[in-house]
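Heads up: the structure comes next, in structure tokens.
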Amino acid sequence: MFKTDRYIINIGPQHPSTHGGLHVEAVMDGEEVVDVMVHLGYVHRSVEKIAESRTYPQFIPYAARLDYMATNLPAWGYVGAVEKLTGVAVPERAQYIRVIMGELSRIASHMMFVGSLAIDLAATTGLLYCLRDRERIMDMFEMTSGQRLLSAYMRIGGVSHDLPEEFFPAIRSFLADVPRMLDEYNGLITGNEILQARCSGIGVLDPETAIAYGVTGPNLRASGIGYDLRRADLYGFYDRFDFEVAVAQKGDCLARLLVRLEEIQQSAKIIGQALEQMPEGEILGKVPKVLKPEKGREVYHRIESAKGELGYYLVSDGTEKPARLHVRAPSFINLMVLPVISRGGKLQDIIANIATLDPVLGESDR
Amino acid sequence: MADNDSEATSNQILNAMEGRVQAYPDPHFLGLRIEPADLPGLLLYLRDQAGMNYLANLTATDLKEEFELTYHLYAIPDNGLKMAVKTRVPRDGAQVPSVITLYPTADWQEREVFDLMGIRFIGHPNLVRVLLPDEYEGHPLRKDFKKEG
């Protein structure tokens with residue numbers, strides 16, 4: 001047996017596979033990973049402190065910039081929390097529009113997941129196909145809100161604009177094409193022998209560890225636990241839609257990919273039903289000009305974002321600005337298992353593990 | 001969650017903790033208040049006897065004279081219960097027992113509260129800053145933090 005020295009390899013914060021400023025130190029023994037240290041904070045903007053000097057509506061664009069890959073979901077979570085705190089009611093049509101835009105954001109985020117996993121494993125072409133399809137979602141965001149990536153489209157009590165006429169043919173043709181897109185991803189990416197070898201049996205997360213570390217979202221469901229807040233902690237009319245909670249059993253990188261692919265399909269199914277059910281009517285409820293929630297009231301509101309449980313904890317001191325806002329960011333919590341699932345593997349597996357945990361650093365660093 | 005279920009659970013917890021827990025009203029959560037020293041005991045009971053195996057959120061609020069820590073607990077799979085556990089610590093030398101051995105997910109969340117609010121978690125094996133640089137001075141989420149620029 002050779003005696004080997006341990007050494008450290010730094011990955012990031014400027015490494016292309018770290019999805020924004022993520023710095024990982026890998027302690028290596030030869031080719032084997034002994035331990036992993038995660039360093040965060042490169043994208044810290046102190047949004048929780050900023051929130052204390054903004055009125056409740058003023059924070060919406062900040063919320064939309066937390067998970068910039070799925071902009072409508074963090075914004076929806078935030079306005080949902082404020083509505084719970086103040087008792088503002090949301091018209092039915094606005095609820096449906098939120099579901100449609102939220103699920104489109106989820107699809108956009110999962111498409112980026114599939115594409116960035118491919119490019120992280122050196123399959124550049126895979127990314128291009130996903131970006132091409134995601135572009136159609138960006139076009140639809142532009143139609144509705146005038147903004148493509150960071151639309152800040154949610155409002156307290158509803159949404160900012162009604163869906164324009166040209167939106168409907170665009171989304172119908174998009175939904176019709178989703179099965180073809182998934183076929184293409186499966187043929188090009190999922191079925192690729194190299195990707196299978198890099199993902200199958202790699203970074204296995206068992207269900208007990210996942211719950212203990214607070215892992216949620218697709219990453220938890222890839223470990224065999226069908227916990228989805230759209231079912232477990234109902235919000236936004238999700239009880240009116242027929243959809244399956246996507247689950248995979250193996251808990252490895254491949255399972256995390258398969259869950260996302262299935263979720264794209266399920267989100268498309270939800271959007272189709274929402275379009276059918278959506279009534280005519282108002283898109284913004286009656287909202288007081290100045291929002292001053294009762295002093296001492298607080299709320300913890302959580303939604304199923306693209307990355308997992310996104311929670312907002314708001315405390316009111318009776319003024320028009322929150323006394324405290326805390327964001328329970330799924331990317332932050334999910335990253336905690338990176339060392340756990342990477343130990344004993346190879347250096348290259350860390351890249352696959354980061355890609356399939358799907359952190360977005362704007363959200364984890366806040 | 002049905003109100004009588006929630007009340008029965010609440011009474012069970014209050015009895016088990018022998019007067020060390022007070023219930024407080026909350027429209028969405030079963031609210032429990034406890035002294036910092038008894039916090040790990042309560043969370044151990046909630047995890048093992050009430051099935052609250054998922055610590056979703058751990059955070060702190062600056063109430064000026066003191067800090068309030070809030071722990072939001074759920075069960076996976078969902079059992080219909082949502083709990084919020086609160087404890088208050090004085091501002092000077094603020095510290096509270098770590099719950100990392102009960103809930104590993106508390107690791108970075110406690111580090112974040114330490115980093116931004118300056119509360120020490122006794123028993124945390126690696127209580128260092130998680131978002132701000134190591135050499136940073138001060139804790140920005142405290143209300144008396146001086147903002148510049």
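We name chains A, B, ... following the order of the structure tokens; residues begin at 1 in each chain, and ligands are numbered from 1 as shown.
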Between chain A and chain B, at 7 Å or less, what are the per-residue closest atom pairs and their distances in Å? Count only C-alpha atoms, order by chain and rising residue number, and return it as JSON lines.
{"residue": "A:Leu40", "atom": "CA", "partner": "B:Leu131", "partner_atom": "CA", "distance": 5.5}
{"residue": "A:Gly41", "atom": "CA", "partner": "B:Leu131", "partner_atom": "CA", "distance": 4.1}
{"residue": "A:His44", "atom": "CA", "partner": "B:Leu131", "partner_atom": "CA", "distance": 6.6}
{"residue": "A:Lys49", "atom": "CA", "partner": "B:Leu141", "partner_atom": "CA", "distance": 6.0}
{"residue": "A:Ile211", "atom": "CA", "partner": "B:Tyr54", "partner_atom": "CA", "distance": 6.3}
{"residue": "A:Ala212", "atom": "CA", "partner": "B:Pro104", "partner_atom": "CA", "distance": 5.7}
{"residue": "A:Tyr213", "atom": "CA", "partner": "B:Thr105", "partner_atom": "CA", "distance": 4.1}
{"residue": "A:Gly214", "atom": "CA", "partner": "B:Thr105", "partner_atom": "CA", "distance": 5.4}
{"residue": "A:Tyr227", "atom": "CA", "partner": "B:Pro77", "partner_atom": "CA", "distance": 6.4}
{"residue": "A:Ala232", "atom": "CA", "partner": "B:Asp78", "partner_atom": "CA", "distance": 6.1}
{"residue": "A:Arg324", "atom": "CA", "partner": "B:Thr61", "partner_atom": "CA", "distance": 6.5}
{"residue": "A:Arg328", "atom": "CA", "partner": "B:Asn57", "partner_atom": "CA", "distance": 6.3}
{"residue": "A:Asp365", "atom": "CA", "partner": "B:Leu131", "partner_atom": "CA", "distance": 6.4}
For the residues in the current selection, export C-alpha atoms as a PDB file, in the first residue's frame.
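Below is the file that was written, selection-v2.pdb:
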ATOM      1  CA  LEU A  40     -21.010  30.576   0.962  1.00  0.00           C
ATOM      2  CA  GLY A  41     -21.618  34.295   0.937  1.00  0.00           C
ATOM      3  CA  HIS A  44     -24.732  37.886  -0.072  1.00  0.00           C
ATOM      4  CA  LYS A  49     -31.680  43.677   6.375  1.00  0.00           C
ATOM      5  CA  ILE A 211     -35.191  14.549   6.319  1.00  0.00           C
ATOM      6  CA  ALA A 212     -32.662  15.043   9.114  1.00  0.00           C
ATOM      7  CA  TYR A 213     -30.827  17.655   7.028  1.00  0.00           C
ATOM      8  CA  GLY A 214     -34.083  19.337   5.999  1.00  0.00           C
ATOM      9  CA  TYR A 227     -43.463  15.263   0.118  1.00  0.00           C
ATOM     10  CA  ALA A 232     -48.913  18.768   2.047  1.00  0.00           C
ATOM     11  CA  ARG A 324     -38.087  41.175  10.536  1.00  0.00           C
ATOM     12  CA  ARG A 328     -35.904  29.989   4.549  1.00  0.00           C
ATOM     13  CA  ASP A 365     -26.632  33.587   0.048  1.00  0.00           C
TER      14      ASP A 365
END
From the DSSP assignment of the backbone, select every residue of chain B that is strand (DSSP E or B), and format the answer as a PyMOL selection string.
-> chain B and resi 21-24+30-34+54-62+66-74+83-90+95-97+120-122
Can you write just those residues out, C-alpha atoms, as a PDB file, in the first residue's frame?
ATOM      1  CA  VAL B  21     -43.896  25.023  28.444  1.00  0.00           C
ATOM      2  CA  GLN B  22     -46.507  27.738  27.905  1.00  0.00           C
ATOM      3  CA  ALA B  23     -48.848  27.712  24.928  1.00  0.00           C
ATOM      4  CA  TYR B  24     -49.322  30.994  23.057  1.00  0.00           C
ATOM      5  CA  LEU B  30     -49.461  25.381  17.645  1.00  0.00           C
ATOM      6  CA  GLY B  31     -47.380  27.916  19.543  1.00  0.00           C
ATOM      7  CA  LEU B  32     -45.114  26.901  22.444  1.00  0.00           C
ATOM      8  CA  ARG B  33     -42.891  29.042  24.625  1.00  0.00           C
ATOM      9  CA  ILE B  34     -40.028  27.705  26.727  1.00  0.00           C
ATOM     10  CA  TYR B  54     -38.610  18.037  10.275  1.00  0.00           C
ATOM     11  CA  LEU B  55     -37.170  21.312  11.553  1.00  0.00           C
ATOM     12  CA  ALA B  56     -38.156  23.528   8.641  1.00  0.00           C
ATOM     13  CA  ASN B  57     -36.976  26.879   9.871  1.00  0.00           C
ATOM     14  CA  LEU B  58     -34.812  28.292  12.640  1.00  0.00           C
ATOM     15  CA  THR B  59     -34.428  32.022  12.995  1.00  0.00           C
ATOM     16  CA  ALA B  60     -34.130  34.914  15.435  1.00  0.00           C
ATOM     17  CA  THR B  61     -35.731  38.338  15.843  1.00  0.00           C
ATOM     18  CA  ASP B  62     -34.237  41.340  17.624  1.00  0.00           C
ATOM     19  CA  GLU B  66     -33.864  40.624  24.107  1.00  0.00           C
ATOM     20  CA  PHE B  67     -33.725  38.188  21.215  1.00  0.00           C
ATOM     21  CA  GLU B  68     -36.463  35.771  20.307  1.00  0.00           C
ATOM     22  CA  LEU B  69     -35.614  32.494  18.578  1.00  0.00           C
ATOM     23  CA  THR B  70     -38.310  30.695  16.624  1.00  0.00           C
ATOM     24  CA  TYR B  71     -38.258  27.063  15.493  1.00  0.00           C
ATOM     25  CA  HIS B  72     -40.866  25.916  12.957  1.00  0.00           C
ATOM     26  CA  LEU B  73     -41.532  22.188  13.060  1.00  0.00           C
ATOM     27  CA  TYR B  74     -43.443  19.851  10.753  1.00  0.00           C
ATOM     28  CA  MET B  83     -45.608  23.862  15.580  1.00  0.00           C
ATOM     29  CA  ALA B  84     -43.708  27.011  16.402  1.00  0.00           C
ATOM     30  CA  VAL B  85     -41.391  26.888  19.426  1.00  0.00           C
ATOM     31  CA  LYS B  86     -40.180  30.190  20.813  1.00  0.00           C
ATOM     32  CA  THR B  87     -37.566  31.052  23.367  1.00  0.00           C
ATOM     33  CA  ARG B  88     -36.141  34.388  24.490  1.00  0.00           C
ATOM     34  CA  VAL B  89     -32.598  35.208  25.540  1.00  0.00           C
ATOM     35  CA  PRO B  90     -31.246  38.410  27.041  1.00  0.00           C
ATOM     36  CA  GLN B  95     -26.665  32.210  24.055  1.00  0.00           C
ATOM     37  CA  VAL B  96     -28.917  29.214  23.637  1.00  0.00           C
ATOM     38  CA  PRO B  97     -28.309  25.426  23.516  1.00  0.00           C
ATOM     39  CA  ARG B 120     -24.067  31.857  20.432  1.00  0.00           C
ATOM     40  CA  PHE B 121     -25.240  28.251  20.192  1.00  0.00           C
ATOM     41  CA  ILE B 122     -23.755  26.202  23.004  1.00  0.00           C
TER      42      ILE B 122
END
DSSP helix (DSSP H, G or I) residues within segment 147-321 of chain A, as a compact mmCIF listing (two decimals) with C-alpha atoms, in the first residue's frame:
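Listed below is the output, result_23.txt:
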# COMPACT_ATOMS: atom_id res chain seq x y z
CA PHE A 167 -50.17 34.73 -24.53
CA PHE A 168 -52.80 32.05 -25.10
CA PRO A 169 -51.69 30.73 -28.51
CA ALA A 170 -48.08 30.87 -27.27
CA ILE A 171 -48.70 28.77 -24.17
CA ARG A 172 -50.97 26.30 -25.99
CA SER A 173 -48.31 25.61 -28.60
CA PHE A 174 -45.67 25.40 -25.85
CA LEU A 175 -47.71 22.84 -23.90
CA ALA A 176 -48.30 20.86 -27.06
CA ASP A 177 -44.53 20.73 -27.63
CA VAL A 178 -43.54 19.69 -24.09
CA PRO A 179 -43.73 15.92 -24.80
CA ARG A 180 -41.50 16.38 -27.84
CA MET A 181 -39.01 18.44 -25.80
CA LEU A 182 -38.85 15.75 -23.13
CA ASP A 183 -38.33 13.07 -25.78
CA GLU A 184 -35.44 15.09 -27.08
CA TYR A 185 -33.88 15.53 -23.61
CA ASN A 186 -34.31 11.84 -22.91
CA GLY A 187 -32.75 10.86 -26.21
CA LEU A 188 -29.91 13.33 -26.02
CA ILE A 189 -29.18 13.59 -22.29
CA THR A 190 -30.90 11.02 -20.05
CA GLU A 193 -24.25 6.40 -21.82
CA ILE A 194 -21.66 8.77 -20.37
CA LEU A 195 -24.29 10.71 -18.43
CA GLN A 196 -25.70 7.46 -17.08
CA ALA A 197 -22.23 6.38 -15.95
CA ARG A 198 -21.56 9.74 -14.31
CA CYS A 199 -24.94 9.86 -12.49
CA PRO A 207 -34.38 9.32 2.92
CA GLU A 208 -33.52 9.46 6.65
CA THR A 209 -30.49 11.67 6.05
CA ALA A 210 -32.52 13.84 3.69
CA ILE A 211 -35.19 14.55 6.32
CA ALA A 212 -32.66 15.04 9.11
CA PRO A 218 -37.18 17.43 -5.98
CA ASN A 219 -34.04 16.38 -4.08
CA LEU A 220 -36.14 14.82 -1.30
CA ARG A 221 -38.57 13.27 -3.76
CA LEU A 229 -46.08 21.36 -0.35
CA ARG A 230 -48.56 21.75 -3.18
CA ARG A 231 -50.20 18.74 -1.56
CA ALA A 232 -48.91 18.77 2.05
CA TYR A 238 -53.53 23.13 -6.09
CA ASP A 239 -56.35 20.93 -4.79
CA ARG A 240 -58.28 21.72 -7.98
CA CYS A 253 -27.87 11.94 -9.27
CA LEU A 254 -29.84 10.10 -11.94
CA ALA A 255 -32.93 9.95 -9.70
CA ARG A 256 -32.69 13.70 -9.14
CA LEU A 257 -32.64 14.21 -12.91
CA LEU A 258 -35.59 11.85 -13.51
CA VAL A 259 -37.74 13.60 -10.88
CA ARG A 260 -37.21 16.96 -12.57
CA LEU A 261 -38.06 15.58 -16.01
CA GLU A 262 -41.28 14.12 -14.62
CA GLU A 263 -42.07 17.41 -12.88
CA ILE A 264 -41.79 19.31 -16.16
CA GLN A 265 -44.50 17.04 -17.51
CA GLN A 266 -46.68 17.40 -14.40
CA SER A 267 -46.32 21.21 -14.38
CA ALA A 268 -47.43 21.29 -18.02
CA LYS A 269 -50.45 19.20 -17.01
CA ILE A 270 -51.30 21.68 -14.21
CA ILE A 271 -51.00 24.66 -16.56
CA GLY A 272 -53.32 22.98 -19.07
CA GLN A 273 -55.98 22.48 -16.39
CA ALA A 274 -55.54 26.01 -15.03
CA LEU A 275 -56.12 27.44 -18.50
CA GLU A 276 -59.33 25.41 -18.77
CA GLN A 277 -60.64 26.37 -15.32
Residues at most 12 Å from Glu135 of chain A, counting only C-alpha atoms, excluding those fewer than 2 positions away in the same chain, as a PyMOL selection string?
-> chain A and resi 104-105+107-109+111-112+128-133+137-142+148-149+170+174
The selected residues should be written to file as a short mmCIF file (atom, residue, chain, number, x, y, z; two decimals), in the first residue's frame (atoms: N, CA and C atoms).
data_model
loop_
_atom_site.label_atom_id
_atom_site.label_comp_id
_atom_site.auth_asym_id
_atom_site.auth_seq_id
_atom_site.Cartn_x
_atom_site.Cartn_y
_atom_site.Cartn_z
N LEU A 104 -44.81 27.76 -14.93
CA LEU A 104 -43.89 28.05 -16.03
C LEU A 104 -42.48 28.31 -15.50
N SER A 105 -42.41 29.02 -14.36
CA SER A 105 -41.10 29.25 -13.74
C SER A 105 -40.45 27.94 -13.32
N ILE A 107 -40.91 25.03 -14.69
CA ILE A 107 -40.43 24.35 -15.90
C ILE A 107 -39.12 25.01 -16.36
N ALA A 108 -39.09 26.34 -16.34
CA ALA A 108 -37.88 27.05 -16.78
C ALA A 108 -36.69 26.65 -15.91
N SER A 109 -36.91 26.59 -14.58
CA SER A 109 -35.83 26.23 -13.66
C SER A 109 -35.37 24.79 -13.91
N MET A 111 -35.65 23.11 -16.68
CA MET A 111 -34.96 23.03 -17.97
C MET A 111 -33.50 23.45 -17.82
N MET A 112 -33.29 24.51 -17.02
CA MET A 112 -31.91 24.94 -16.75
C MET A 112 -31.16 23.86 -16.00
N LEU A 128 -27.81 23.68 -24.93
CA LEU A 128 -28.39 24.52 -25.97
C LEU A 128 -29.84 24.14 -26.24
N TYR A 129 -30.14 22.86 -26.24
CA TYR A 129 -31.52 22.44 -26.47
C TYR A 129 -32.43 22.96 -25.36
N CYS A 130 -31.96 22.86 -24.12
CA CYS A 130 -32.78 23.32 -22.99
C CYS A 130 -32.97 24.83 -23.03
N LEU A 131 -31.89 25.55 -23.35
CA LEU A 131 -32.00 27.00 -23.42
C LEU A 131 -32.96 27.43 -24.53
N ARG A 132 -32.90 26.70 -25.64
CA ARG A 132 -33.80 27.02 -26.76
C ARG A 132 -35.26 26.93 -26.30
N ASP A 133 -35.59 25.87 -25.55
CA ASP A 133 -36.98 25.68 -25.13
C ASP A 133 -37.36 26.64 -24.01
N ILE A 137 -40.45 30.24 -22.77
CA ILE A 137 -41.06 30.67 -21.51
C ILE A 137 -40.70 32.14 -21.24
N MET A 138 -39.43 32.48 -21.52
CA MET A 138 -39.01 33.88 -21.32
C MET A 138 -39.85 34.81 -22.20
N ASP A 139 -40.14 34.38 -23.43
CA ASP A 139 -40.98 35.19 -24.32
C ASP A 139 -42.36 35.40 -23.70
N MET A 140 -42.90 34.35 -23.09
CA MET A 140 -44.23 34.49 -22.49
C MET A 140 -44.19 35.43 -21.29
N PHE A 141 -43.10 35.39 -20.52
CA PHE A 141 -42.96 36.32 -19.38
C PHE A 141 -42.90 37.75 -19.90
N GLU A 142 -42.21 37.93 -21.02
CA GLU A 142 -42.09 39.27 -21.59
C GLU A 142 -43.45 39.80 -22.05
N ARG A 148 -38.19 39.65 -18.98
CA ARG A 148 -37.95 38.25 -19.32
C ARG A 148 -37.50 37.42 -18.12
N LEU A 149 -36.43 37.84 -17.48
CA LEU A 149 -35.82 36.96 -16.47
C LEU A 149 -36.34 37.27 -15.07
N ALA A 170 -49.47 31.21 -27.58
CA ALA A 170 -48.08 30.87 -27.27
C ALA A 170 -48.00 29.74 -26.27
N PHE A 174 -46.76 25.87 -26.73
CA PHE A 174 -45.67 25.40 -25.85
C PHE A 174 -46.05 24.09 -25.17
#
Using atom CA of Tyr235 of chain A and atom CA of Met154 of chain A as the two end points, give the distance in Å to one decimal.
->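 According to the coordinates, atom CA of Tyr235 of chain A and atom CA of Met154 of chain A are separated by 15.2 Å.
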